[in-house]
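J.: Data file final22.txt (compact mmCIF, C-alpha atoms) is appended below.
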# COMPACT_ATOMS: atom_id res chain seq x y z
CA MET A 1 9.96 -4.33 -34.64
CA GLN A 2 11.04 -2.04 -37.45
CA ILE A 3 14.39 -0.41 -37.99
CA LEU A 4 14.86 2.32 -40.59
CA ALA A 5 18.08 4.17 -41.40
CA ARG A 6 18.38 7.84 -42.35
CA ARG A 7 21.63 9.54 -43.36
CA HIS A 8 22.83 13.06 -42.63
CA ASP A 9 26.36 13.67 -43.94
CA LYS A 10 28.58 11.41 -41.84
CA THR A 11 25.79 10.43 -39.47
CA VAL A 12 23.29 7.62 -39.68
CA ILE A 13 20.14 7.66 -37.58
CA PHE A 14 18.37 4.39 -36.88
CA ASP A 15 14.69 4.88 -36.08
CA VAL A 16 13.66 1.79 -34.16
CA SER A 17 10.02 1.11 -33.36
CA GLY A 18 8.11 -1.66 -31.62
CA ASP A 19 9.51 -4.26 -29.24
CA ILE A 20 13.17 -5.28 -29.14
CA ASP A 21 13.38 -8.75 -27.68
CA PHE A 22 15.26 -12.02 -28.08
CA ALA A 23 13.36 -12.72 -31.31
CA ASN A 24 14.62 -9.65 -33.13
CA SER A 25 17.54 -8.08 -31.24
CA PRO A 26 20.00 -9.81 -33.64
CA GLU A 27 18.56 -7.57 -36.37
CA VAL A 28 19.37 -4.45 -34.33
CA ARG A 29 22.84 -5.79 -33.55
CA GLN A 30 23.53 -6.61 -37.20
CA SER A 31 22.35 -3.21 -38.48
CA VAL A 32 24.35 -1.26 -35.94
CA LEU A 33 27.56 -3.29 -36.25
CA ARG A 34 27.46 -3.24 -40.06
CA GLU A 35 27.18 0.53 -39.99
CA ILE A 36 30.11 0.90 -37.62
CA ARG A 37 32.47 -1.84 -38.81
CA GLU A 38 31.79 -2.11 -42.54
CA ILE A 39 30.48 1.28 -43.63
CA ARG A 40 32.65 3.04 -41.02
CA THR A 41 30.07 5.73 -40.33
CA SER A 42 31.62 8.17 -37.90
CA ARG A 43 28.45 8.88 -35.89
CA VAL A 44 25.70 6.33 -35.31
CA VAL A 45 22.51 7.51 -33.60
CA VAL A 46 19.82 5.12 -32.38
CA ASN A 47 16.40 6.68 -31.88
CA LEU A 48 14.53 4.70 -29.22
CA SER A 49 11.54 7.01 -28.84
CA GLN A 50 9.15 4.54 -30.50
CA VAL A 51 10.48 1.47 -28.71
CA ARG A 52 7.72 0.06 -26.55
CA TYR A 53 9.85 -2.64 -24.94
CA ILE A 54 13.52 -3.60 -24.84
CA ASP A 55 14.94 -6.67 -23.12
CA SER A 56 18.44 -7.53 -21.97
CA SER A 57 19.40 -8.94 -25.37
CA GLY A 58 18.44 -5.58 -26.90
CA VAL A 59 20.57 -3.78 -24.34
CA ALA A 60 23.41 -6.19 -25.13
CA SER A 61 23.11 -5.24 -28.81
CA LEU A 62 23.43 -1.57 -27.92
CA ILE A 63 26.46 -2.30 -25.73
CA GLU A 64 28.08 -4.15 -28.61
CA GLY A 65 27.48 -1.14 -30.84
CA LEU A 66 29.04 1.13 -28.25
CA LYS A 67 32.11 -1.10 -27.90
CA ALA A 68 32.56 -1.35 -31.67
CA ALA A 69 32.26 2.42 -32.03
CA ARG A 70 34.84 3.02 -29.33
CA ASP A 71 37.21 0.52 -30.94
CA LEU A 72 37.03 2.36 -34.26
CA GLY A 73 36.96 5.90 -32.89
CA SER A 74 33.39 6.66 -33.94
CA ARG A 75 30.47 7.84 -31.84
CA PHE A 76 27.47 5.83 -30.74
CA ILE A 77 24.55 7.88 -29.45
CA LEU A 78 21.12 7.03 -28.07
CA ILE A 79 18.26 9.52 -28.36
CA GLY A 80 14.66 9.79 -27.23
CA LEU A 81 14.70 7.04 -24.64
CA SER A 82 11.21 5.63 -24.23
CA THR A 83 9.96 4.79 -20.75
CA SER A 84 10.87 1.12 -21.15
CA ALA A 85 14.34 1.85 -22.54
CA ARG A 86 15.10 4.38 -19.82
CA GLU A 87 13.95 2.01 -17.08
CA VAL A 88 16.07 -0.88 -18.33
CA LEU A 89 19.17 1.26 -18.75
CA GLN A 90 18.66 2.78 -15.29
CA LEU A 91 18.12 -0.63 -13.65
CA SER A 92 21.27 -1.86 -15.38
CA ARG A 93 23.14 1.30 -14.35
CA LEU A 94 24.08 1.90 -17.94
CA THR A 95 22.72 5.41 -18.44
CA LYS A 96 26.13 6.91 -17.71
CA VAL A 97 27.87 4.50 -20.07
CA PHE A 98 26.05 5.72 -23.17
CA GLU A 99 26.01 9.15 -24.76
CA ILE A 100 22.31 10.03 -24.50
CA TYR A 101 20.33 13.04 -25.75
CA ASP A 102 16.68 13.90 -25.62
CA ASN A 103 16.30 14.37 -29.36
CA GLU A 104 17.91 14.32 -32.79
CA GLU A 105 18.68 18.03 -32.87
CA GLN A 106 20.73 17.80 -29.68
CA ALA A 107 22.57 14.72 -30.91
CA LEU A 108 23.47 16.34 -34.24
CA ALA A 109 24.62 19.51 -32.52
CA ALA A 110 26.77 17.71 -29.97
CA MET B 1 -2.39 -21.21 -17.06
CA LEU B 2 -0.66 -20.38 -20.30
CA ALA B 3 1.19 -22.90 -22.46
CA VAL B 4 3.55 -21.84 -25.24
CA TYR B 5 6.28 -23.38 -27.32
CA SER B 6 9.88 -22.28 -26.92
CA ASN B 7 9.78 -20.14 -30.05
CA PRO B 8 10.81 -16.52 -29.36
CA ARG B 9 7.90 -15.35 -31.53
CA TRP B 10 5.62 -16.09 -28.57
CA LEU B 11 7.48 -13.77 -26.22
CA SER B 12 5.45 -10.74 -27.23
CA VAL B 13 2.20 -12.67 -26.77
CA VAL B 14 3.15 -13.63 -23.21
CA ARG B 15 4.26 -10.07 -22.45
CA GLY B 16 0.87 -8.80 -23.58
CA ALA B 17 -0.95 -11.29 -21.36
CA VAL B 18 1.20 -10.59 -18.28
CA GLU B 19 0.90 -6.85 -18.73
CA ARG B 20 -2.92 -7.04 -18.86
CA LEU B 21 -3.01 -9.43 -15.90
CA THR B 22 -0.87 -7.23 -13.67
CA GLU B 23 -2.92 -4.18 -14.62
CA THR B 24 -6.10 -6.03 -13.74
CA LEU B 25 -4.69 -7.07 -10.36
CA GLY B 26 -3.97 -3.44 -9.54
CA PHE B 27 -0.21 -3.26 -9.73
CA PRO B 28 1.13 0.23 -10.41
CA ALA B 29 2.30 0.85 -13.98
CA VAL B 30 6.00 0.68 -13.14
CA GLN B 31 5.53 -2.72 -11.49
CA CYS B 32 3.36 -3.98 -14.36
CA ARG B 33 6.33 -3.25 -16.61
CA SER B 34 8.92 -4.79 -14.28
CA ILE B 35 6.89 -7.99 -13.70
CA THR B 36 6.31 -8.32 -17.44
CA ARG B 37 10.02 -7.78 -18.04
CA ALA B 38 10.94 -10.44 -15.47
CA VAL B 39 8.67 -13.04 -17.06
CA ASP B 40 10.02 -12.18 -20.51
CA GLU B 41 13.64 -12.49 -19.35
CA ALA B 42 12.87 -15.80 -17.64
CA LEU B 43 11.23 -17.18 -20.78
CA THR B 44 14.19 -16.06 -22.85
CA ASN B 45 16.54 -17.86 -20.46
CA ILE B 46 14.46 -21.04 -20.76
CA VAL B 47 14.58 -20.84 -24.57
CA ARG B 48 18.32 -20.15 -24.62
CA HIS B 49 19.72 -22.22 -21.79
CA SER B 50 17.21 -24.88 -20.87
CA TYR B 51 16.15 -25.74 -24.42
CA GLY B 52 19.29 -24.65 -26.28
CA ASN B 53 17.27 -22.48 -28.72
CA ARG B 54 15.07 -25.36 -29.87
CA LEU B 55 11.77 -23.86 -31.01
CA ASP B 56 9.15 -26.49 -30.31
CA GLU B 57 9.59 -27.40 -26.65
CA PRO B 58 6.82 -26.85 -24.09
CA ILE B 59 6.75 -24.06 -21.52
CA ALA B 60 3.90 -23.70 -19.04
CA LEU B 61 3.14 -20.57 -17.04
CA TYR B 62 0.83 -20.64 -14.02
CA PHE B 63 -0.53 -17.52 -12.40
CA ARG B 64 -2.39 -17.22 -9.13
CA ARG B 65 -3.10 -14.68 -6.46
CA ALA B 66 -0.66 -14.98 -3.57
CA GLN B 67 -0.95 -13.96 0.07
CA ARG B 68 1.67 -13.74 2.78
CA SER B 69 1.87 -12.42 6.31
CA GLN B 70 4.39 -9.67 6.79
CA GLN B 71 4.80 -8.10 10.24
CA GLY B 72 1.26 -9.02 11.23
CA GLU B 73 -0.28 -7.74 8.02
CA VAL B 74 -1.52 -9.84 5.16
CA GLU B 75 -0.11 -8.80 1.81
CA SER B 76 -1.63 -9.91 -1.46
CA GLY B 77 0.16 -10.27 -4.72
CA LEU B 78 0.86 -12.47 -7.67
CA GLU B 79 2.61 -15.84 -7.83
CA ILE B 80 4.00 -16.98 -11.18
CA LEU B 81 5.35 -20.44 -11.89
CA LEU B 82 7.28 -21.16 -15.09
CA CYS B 83 7.83 -24.81 -15.94
CA ASP B 84 9.96 -26.37 -18.62
CA ARG B 85 11.30 -29.82 -19.32
CA GLY B 86 14.72 -28.86 -20.58
CA ARG B 87 18.10 -29.63 -19.12
CA ALA B 88 18.64 -28.97 -15.44
CA ILE B 89 19.86 -25.49 -14.55
CA ASP B 90 22.63 -25.05 -11.99
CA PRO B 91 20.92 -23.14 -9.13
CA ASN B 92 24.23 -21.42 -8.38
CA ARG B 93 23.85 -19.56 -11.67
CA LEU B 94 20.64 -18.04 -10.37
CA ARG B 95 22.20 -16.54 -7.25
CA GLY B 96 22.45 -12.82 -6.92
CA ARG B 97 25.72 -11.07 -7.61
CA PRO B 98 26.88 -7.54 -6.95
CA LEU B 99 25.94 -5.33 -9.88
CA GLU B 100 29.57 -4.55 -10.59
CA GLU B 101 30.18 -8.22 -11.35
CA ILE B 102 27.26 -8.60 -13.68
CA GLN B 103 28.21 -9.26 -17.27
CA LEU B 104 25.81 -8.71 -20.12
CA GLY B 105 24.87 -12.38 -20.07
CA GLY B 106 23.59 -11.99 -16.52
CA LEU B 107 21.68 -8.81 -17.07
CA GLY B 108 18.35 -10.58 -17.55
CA LEU B 109 18.72 -12.40 -14.24
CA ASP B 110 19.48 -9.17 -12.47
CA LEU B 111 16.37 -7.54 -13.93
CA ILE B 112 14.34 -10.52 -12.65
CA ARG B 113 15.75 -10.23 -9.14
CA GLN B 114 15.11 -6.50 -9.03
CA ALA B 115 11.49 -6.97 -10.11
CA MET B 116 10.41 -9.79 -7.83
CA ASP B 117 10.10 -10.23 -4.06
CA THR B 118 10.76 -13.96 -4.33
CA VAL B 119 12.70 -15.91 -6.95
CA GLU B 120 13.01 -19.66 -6.37
CA PHE B 121 14.26 -22.41 -8.61
CA THR B 122 13.56 -26.11 -8.11
CA ARG B 123 14.06 -29.20 -10.22
CA LYS B 124 11.24 -31.70 -9.81
CA GLY B 125 11.84 -34.89 -11.75
CA LEU B 126 12.42 -33.78 -15.32
CA THR B 127 10.86 -30.36 -14.82
CA ASN B 128 12.54 -27.03 -14.05
CA GLN B 129 10.29 -24.82 -11.95
CA LEU B 130 10.96 -21.13 -11.57
CA ARG B 131 8.68 -19.45 -9.02
CA PHE B 132 8.19 -15.72 -8.69
CA VAL B 133 6.17 -13.82 -6.13
CA LYS B 134 5.44 -10.11 -6.30
CA CYS B 135 3.42 -8.43 -3.59
CA LEU B 136 1.23 -5.46 -4.23
CA ALA B 137 3.19 -2.50 -2.90
CA SER B 138 1.69 0.40 -1.06
CA ALA B 139 1.26 3.53 -3.13
CA SER B 140 4.37 5.09 -1.61
CA ASP B 141 6.49 2.12 -2.68
CA ALA B 142 5.15 2.04 -6.18
CA SER B 143 6.86 5.04 -7.70
Starting from the file, give its structure as structure tokens.

T.:
Amino acid sequence: MQILARRHDKTVIFDVSGDIDFANSPEVRQSVLREIREIRTSRVVVNLSQVRYIDSSGVASLIEGLKAARDLGSRFILIGLSTSAREVLQLSRLTKVFEIYDNEEQALAA
Amino acid sequence: MLAVYSNPRWLSVVRGAVERLTETLGFPAVQCRSITRAVDEALTNIVRHSYGNRLDEPIALYFRRAQRSQQGEVESGLEILLCDRGRAIDPNRLRGRPLEEIQLGGLGLDLIRQAMDTVEFTRKGLTNQLRFVKCLASASDAS
């Protein structure tokens, strides 16, 4: 798994690629929570379009990011859900919990 | 049969093997992904709960074609047995719960139950055995 951060004004976009599983989901969690709690970025976007697989620990990391963002009044957005990510969020009935857009342009315009 | 240690680095290797196996057996793509996900979640639970995140404990996975009679018709499918020698798991924790009651910690179990037709847990001596069965669905059920 690889996670790269890009910044646009008050937004950070995490481009995640590969598999998010129990071996590496702590890295996703740490990156996202640091951005929200320490750097206090007002809008955090996670691009999942290149994520081939995500397990329940990966989903838990995203939920933690969402909760932290809500606590601090910032926004936590998912974009470009891959097939695997969409399936897991649908099976978990979490698609309505997250703010989700098809792509970066929509997320930045929202 | 596949034998791995309880190091999470092997999760992706097992996923690759299960995905190829289910494809070879003719499961539709969506079921290949859900079966793979179920095995991955089960392995993760073994690493976390049965072995307490120790990295060098043994896990064995057995795969075989399964058959069962359902309303006079014989269905074929895949039987998967995961064995570990960690601490005993309380079977009550493996029971299904309404989705509304599922906390994040139970999400993996719920994904397993949604993917499989049969989920059974037994403790035999010092071994935990988790048995899955997934039948090959008809094309109309596969979407």

J.: Using all atoms listed in the file, find the one residue out of A:Ile20, A:Ala68, A:Val51, A:Val59 that sits nearest to Arg93 in chain A.

T.: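 Counting all atoms listed in the file, the residue closest to Arg93 in chain A is A:Val59.
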
J.: Would you work out the distance separating CA of Leu72 in chain A from CA of Gln106 in chain A, expressed in Å to one decimal?

T.: 22.9 Å

J.: Considering only C-alpha atoms, give me a table of residues in chain A that are at most 10 Å from chain B, with the closest atom pair and distance in Å for each, as a tab-separated table.

T.:
residue	atom	partner	partner_atom	distance
A:Asp19	CA	B:Ser12	CA	7.9
A:Ile20	CA	B:Ser12	CA	9.6
A:Asp21	CA	B:Leu11	CA	7.9
A:Phe22	CA	B:Pro8	CA	6.5
A:Ala23	CA	B:Pro8	CA	5.0
A:Asn24	CA	B:Pro8	CA	8.7
A:Tyr53	CA	B:Arg37	CA	8.6
A:Ile54	CA	B:Arg37	CA	8.7
A:Asp55	CA	B:Glu41	CA	7.1
A:Ser56	CA	B:Gly108	CA	5.4
A:Ser57	CA	B:Gly108	CA	8.1
A:Val59	CA	B:Leu104	CA	8.3
A:Ala60	CA	B:Leu104	CA	6.1
A:Ser61	CA	B:Leu104	CA	9.7
A:Ile63	CA	B:Leu104	CA	8.5
A:Glu64	CA	B:Leu104	CA	9.9
A:Thr83	CA	B:Val30	CA	9.5
A:Ser84	CA	B:Arg33	CA	7.8
A:Glu87	CA	B:Ser34	CA	8.9
A:Val88	CA	B:Leu111	CA	8.0
A:Leu91	CA	B:Leu111	CA	7.1
A:Ser92	CA	B:Leu107	CA	7.2
A:Arg93	CA	B:Leu99	CA	8.5

J.: Write the selection just made, keeping C-alpha atoms, as a tab-separated table (two decimals), in the frame of the given file?

T.:
chain	number	residue	atom	x	y	z
A	19	ASP	CA	9.51	-4.26	-29.24
A	20	ILE	CA	13.17	-5.28	-29.14
A	21	ASP	CA	13.38	-8.75	-27.68
A	22	PHE	CA	15.26	-12.02	-28.08
A	23	ALA	CA	13.36	-12.72	-31.31
A	24	ASN	CA	14.62	-9.65	-33.13
A	53	TYR	CA	9.85	-2.64	-24.94
A	54	ILE	CA	13.52	-3.60	-24.84
A	55	ASP	CA	14.94	-6.67	-23.12
A	56	SER	CA	18.44	-7.53	-21.97
A	57	SER	CA	19.40	-8.94	-25.37
A	59	VAL	CA	20.57	-3.78	-24.34
A	60	ALA	CA	23.41	-6.19	-25.13
A	61	SER	CA	23.11	-5.24	-28.81
A	63	ILE	CA	26.46	-2.30	-25.73
A	64	GLU	CA	28.08	-4.15	-28.61
A	83	THR	CA	9.96	4.79	-20.75
A	84	SER	CA	10.87	1.12	-21.15
A	87	GLU	CA	13.95	2.01	-17.08
A	88	VAL	CA	16.07	-0.88	-18.33
A	91	LEU	CA	18.12	-0.63	-13.65
A	92	SER	CA	21.27	-1.86	-15.38
A	93	ARG	CA	23.14	1.30	-14.35

J.: Could you tell me how far CA of Thr24 in chain B sits from CA of Lys134 in chain B, in Å to one decimal place?

T.: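 These two atoms are separated by 14.3 Å.
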
J.: Can you list, as a VMD selection string, every protein, DNA or RNA residue that comes within 9 Å of Val119 in chain B when you count all atoms listed in the file, leaving out same-chain residues fewer than 2 positions away?

T.: chain B and resid 94 112 to 113 116 to 117 121 130 to 133

J.: Neighbouring residues of Glu19 in chain B were defined as those with any atom within 8 Å, considering all atoms listed in the file; residues of the same chain fewer than 5 positions away were excluded. Please report them as a PyMOL selection string.

T.: chain B and resi 32-33+35-36

J.: In terms of the shortest atom-to-atom distance over only C-alpha atoms, which of A:Glu35, A:Val12, A:Ser17, A:Leu81 is closest to Thr95 in chain A?

T.: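 Smallest distance to Thr95 in chain A is found for A:Leu81.
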
J.: Please provide as a PDB file with C-alpha atoms, in the coordinates of the input all residues within 7 Å of range 63-77 of chain B, with the sequence filter that same-chain residues fewer than 6 positions apart are discarded (counting only C-alpha atoms).

T.:
ATOM      1  CA  MET B   1      -2.390 -21.210 -17.060  1.00  0.00           C
ATOM      2  CA  LYS B 134       5.440 -10.110  -6.300  1.00  0.00           C
ATOM      3  CA  CYS B 135       3.420  -8.430  -3.590  1.00  0.00           C
ATOM      4  CA  LEU B 136       1.230  -5.460  -4.230  1.00  0.00           C
TER       5      LEU B 136
END

J.: Give as a VMD selection string every residue, naming chains and numbers as the document does, that has an atom within 10 Å of (1.0, -22.8, -14.1), counting all atoms listed in the file.

T.: chain B and resid 1 to 3 59 to 64 79 to 83 129 131

J.: Have a look at A:Val46, A:Leu89, A:Ile36, A:Leu94 and name the one nearest to Ala69 in chain A; count only C-alpha atoms.

T.: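 Checking each candidate against Ala69 in chain A, we get A:Ile36 as the closest.
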
J.: Once 3 Å is added on each side, what centre and edge lengths in Å to one decimal does the axis-aligned box around all listed atoms of range 17-36 of chain A have, as AutoDock Vina command-line options?

T.:
--center_x 19.1 --center_y -5.8 --center_z -33.9 --size_x 28.0 --size_y 19.8 --size_z 18.4

J.: Do you know which residues are at most 10 Å from Ile3 in chain A counting only C-alpha atoms, after dropping those on the same chain fewer than 5 positions away, and could you put them as a count of residues only?

T.: 11

J.: Would you please work out which residue, of A:Val44, A:Leu66, A:Ala5, A:Ala85, is nearest to Ala107 in chain A when using all atoms listed in the file?

T.: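 Checking each candidate against Ala107 in chain A, we get A:Val44 as the closest.
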
J.: Just to confirm, what's the straight-line distance from CA of Val4 in chain B to CA of Gln50 in chain A in Å (one decimal)?

T.: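 Answer for the CA of Val4 in chain B to CA of Gln50 in chain A separation: 27.5 Å.
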
J.: Working from the structure I just supplied, which lacks atoms in range 5-41 of chain B, can you model N, CA and C atoms there and output them as a CSV table (one decimal), in the frame of the given file?

T.:
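result_20.csv written:
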chain,number,residue,atom,x,y,z
B,5,TYR,N,5.1,-22.7,-26.9
B,5,TYR,CA,6.3,-23.4,-27.3
B,5,TYR,C,7.5,-22.4,-27.2
B,6,SER,N,8.7,-23.0,-27.2
B,6,SER,CA,9.9,-22.3,-26.9
B,6,SER,C,10.4,-21.5,-28.1
B,7,ASN,N,9.4,-21.0,-28.9
B,7,ASN,CA,9.8,-20.1,-30.0
B,7,ASN,C,9.7,-18.7,-29.6
B,8,PRO,N,10.8,-17.9,-29.8
B,8,PRO,CA,10.8,-16.5,-29.4
B,8,PRO,C,9.7,-15.7,-29.9
B,9,ARG,N,9.0,-16.1,-31.0
B,9,ARG,CA,7.9,-15.4,-31.5
B,9,ARG,C,6.8,-15.2,-30.5
B,10,TRP,N,6.7,-16.1,-29.5
B,10,TRP,CA,5.6,-16.1,-28.6
B,10,TRP,C,5.9,-15.2,-27.4
B,11,LEU,N,7.1,-14.6,-27.3
B,11,LEU,CA,7.5,-13.8,-26.2
B,11,LEU,C,6.6,-12.6,-26.1
B,12,SER,N,6.3,-11.9,-27.3
B,12,SER,CA,5.4,-10.7,-27.2
B,12,SER,C,4.0,-11.1,-26.8
B,13,VAL,N,3.6,-12.3,-27.2
B,13,VAL,CA,2.2,-12.7,-26.8
B,13,VAL,C,2.1,-12.8,-25.3
B,14,VAL,N,3.1,-13.4,-24.7
B,14,VAL,CA,3.2,-13.6,-23.2
B,14,VAL,C,3.3,-12.3,-22.5
B,15,ARG,N,4.1,-11.4,-23.1
B,15,ARG,CA,4.3,-10.1,-22.4
B,15,ARG,C,2.9,-9.4,-22.4
B,16,GLY,N,2.2,-9.4,-23.5
B,16,GLY,CA,0.9,-8.8,-23.6
B,16,GLY,C,-0.1,-9.3,-22.5
B,17,ALA,N,-0.1,-10.7,-22.3
B,17,ALA,CA,-1.0,-11.3,-21.4
B,17,ALA,C,-0.6,-10.9,-19.9
B,18,VAL,N,0.7,-10.9,-19.6
B,18,VAL,CA,1.2,-10.6,-18.3
B,18,VAL,C,0.9,-9.1,-18.0
B,19,GLU,N,1.1,-8.3,-19.0
B,19,GLU,CA,0.9,-6.8,-18.7
B,19,GLU,C,-0.6,-6.6,-18.4
B,20,ARG,N,-1.5,-7.2,-19.1
B,20,ARG,CA,-2.9,-7.0,-18.9
B,20,ARG,C,-3.3,-7.6,-17.5
B,21,LEU,N,-2.7,-8.8,-17.2
B,21,LEU,CA,-3.0,-9.4,-15.9
B,21,LEU,C,-2.6,-8.6,-14.7
B,22,THR,N,-1.4,-8.0,-14.8
B,22,THR,CA,-0.9,-7.2,-13.7
B,22,THR,C,-1.7,-5.9,-13.5
B,23,GLU,N,-2.1,-5.4,-14.7
B,23,GLU,CA,-2.9,-4.2,-14.6
B,23,GLU,C,-4.2,-4.5,-13.9
B,24,THR,N,-4.8,-5.6,-14.3
B,24,THR,CA,-6.1,-6.0,-13.7
B,24,THR,C,-6.0,-6.3,-12.2
B,25,LEU,N,-4.9,-6.8,-11.8
B,25,LEU,CA,-4.7,-7.1,-10.4
B,25,LEU,C,-4.4,-5.8,-9.6
B,26,GLY,N,-4.2,-4.7,-10.2
B,26,GLY,CA,-4.0,-3.4,-9.5
B,26,GLY,C,-2.5,-3.0,-9.3
B,27,PHE,N,-1.6,-3.7,-9.9
B,27,PHE,CA,-0.2,-3.3,-9.7
B,27,PHE,C,0.0,-1.9,-10.4
B,28,PRO,N,0.8,-1.0,-9.8
B,28,PRO,CA,1.1,0.2,-10.4
B,28,PRO,C,1.8,0.0,-11.7
B,29,ALA,N,1.8,1.0,-12.6
B,29,ALA,CA,2.3,0.8,-14.0
B,29,ALA,C,3.8,0.4,-14.0
B,30,VAL,N,4.6,1.0,-13.1
B,30,VAL,CA,6.0,0.7,-13.1
B,30,VAL,C,6.2,-0.8,-12.8
B,31,GLN,N,5.4,-1.3,-11.9
B,31,GLN,CA,5.5,-2.7,-11.5
B,31,GLN,C,4.9,-3.6,-12.5
B,32,CYS,N,3.9,-3.2,-13.2
B,32,CYS,CA,3.4,-4.0,-14.4
B,32,CYS,C,4.5,-4.2,-15.4
B,33,ARG,N,5.2,-3.1,-15.6
B,33,ARG,CA,6.3,-3.2,-16.6
B,33,ARG,C,7.4,-4.1,-16.1
B,34,SER,N,7.8,-4.0,-14.8
B,34,SER,CA,8.9,-4.8,-14.3
B,34,SER,C,8.6,-6.3,-14.2
B,35,ILE,N,7.3,-6.6,-13.8
B,35,ILE,CA,6.9,-8.0,-13.7
B,35,ILE,C,6.9,-8.6,-15.1
B,36,THR,N,6.3,-7.8,-16.1
B,36,THR,CA,6.3,-8.3,-17.4
B,36,THR,C,7.7,-8.6,-17.9
B,37,ARG,N,8.6,-7.6,-17.6
B,37,ARG,CA,10.0,-7.8,-18.0
B,37,ARG,C,10.7,-9.0,-17.4
B,38,ALA,N,10.4,-9.3,-16.1
B,38,ALA,CA,10.9,-10.4,-15.5
B,38,ALA,C,10.5,-11.7,-16.1
B,39,VAL,N,9.2,-11.8,-16.4
B,39,VAL,CA,8.7,-13.0,-17.1
B,39,VAL,C,9.3,-13.2,-18.4
B,40,ASP,N,9.4,-12.1,-19.2
B,40,ASP,CA,10.0,-12.2,-20.5
B,40,ASP,C,11.5,-12.6,-20.4
B,41,GLU,N,12.2,-12.1,-19.5
B,41,GLU,CA,13.6,-12.5,-19.4
B,41,GLU,C,13.8,-14.0,-18.9
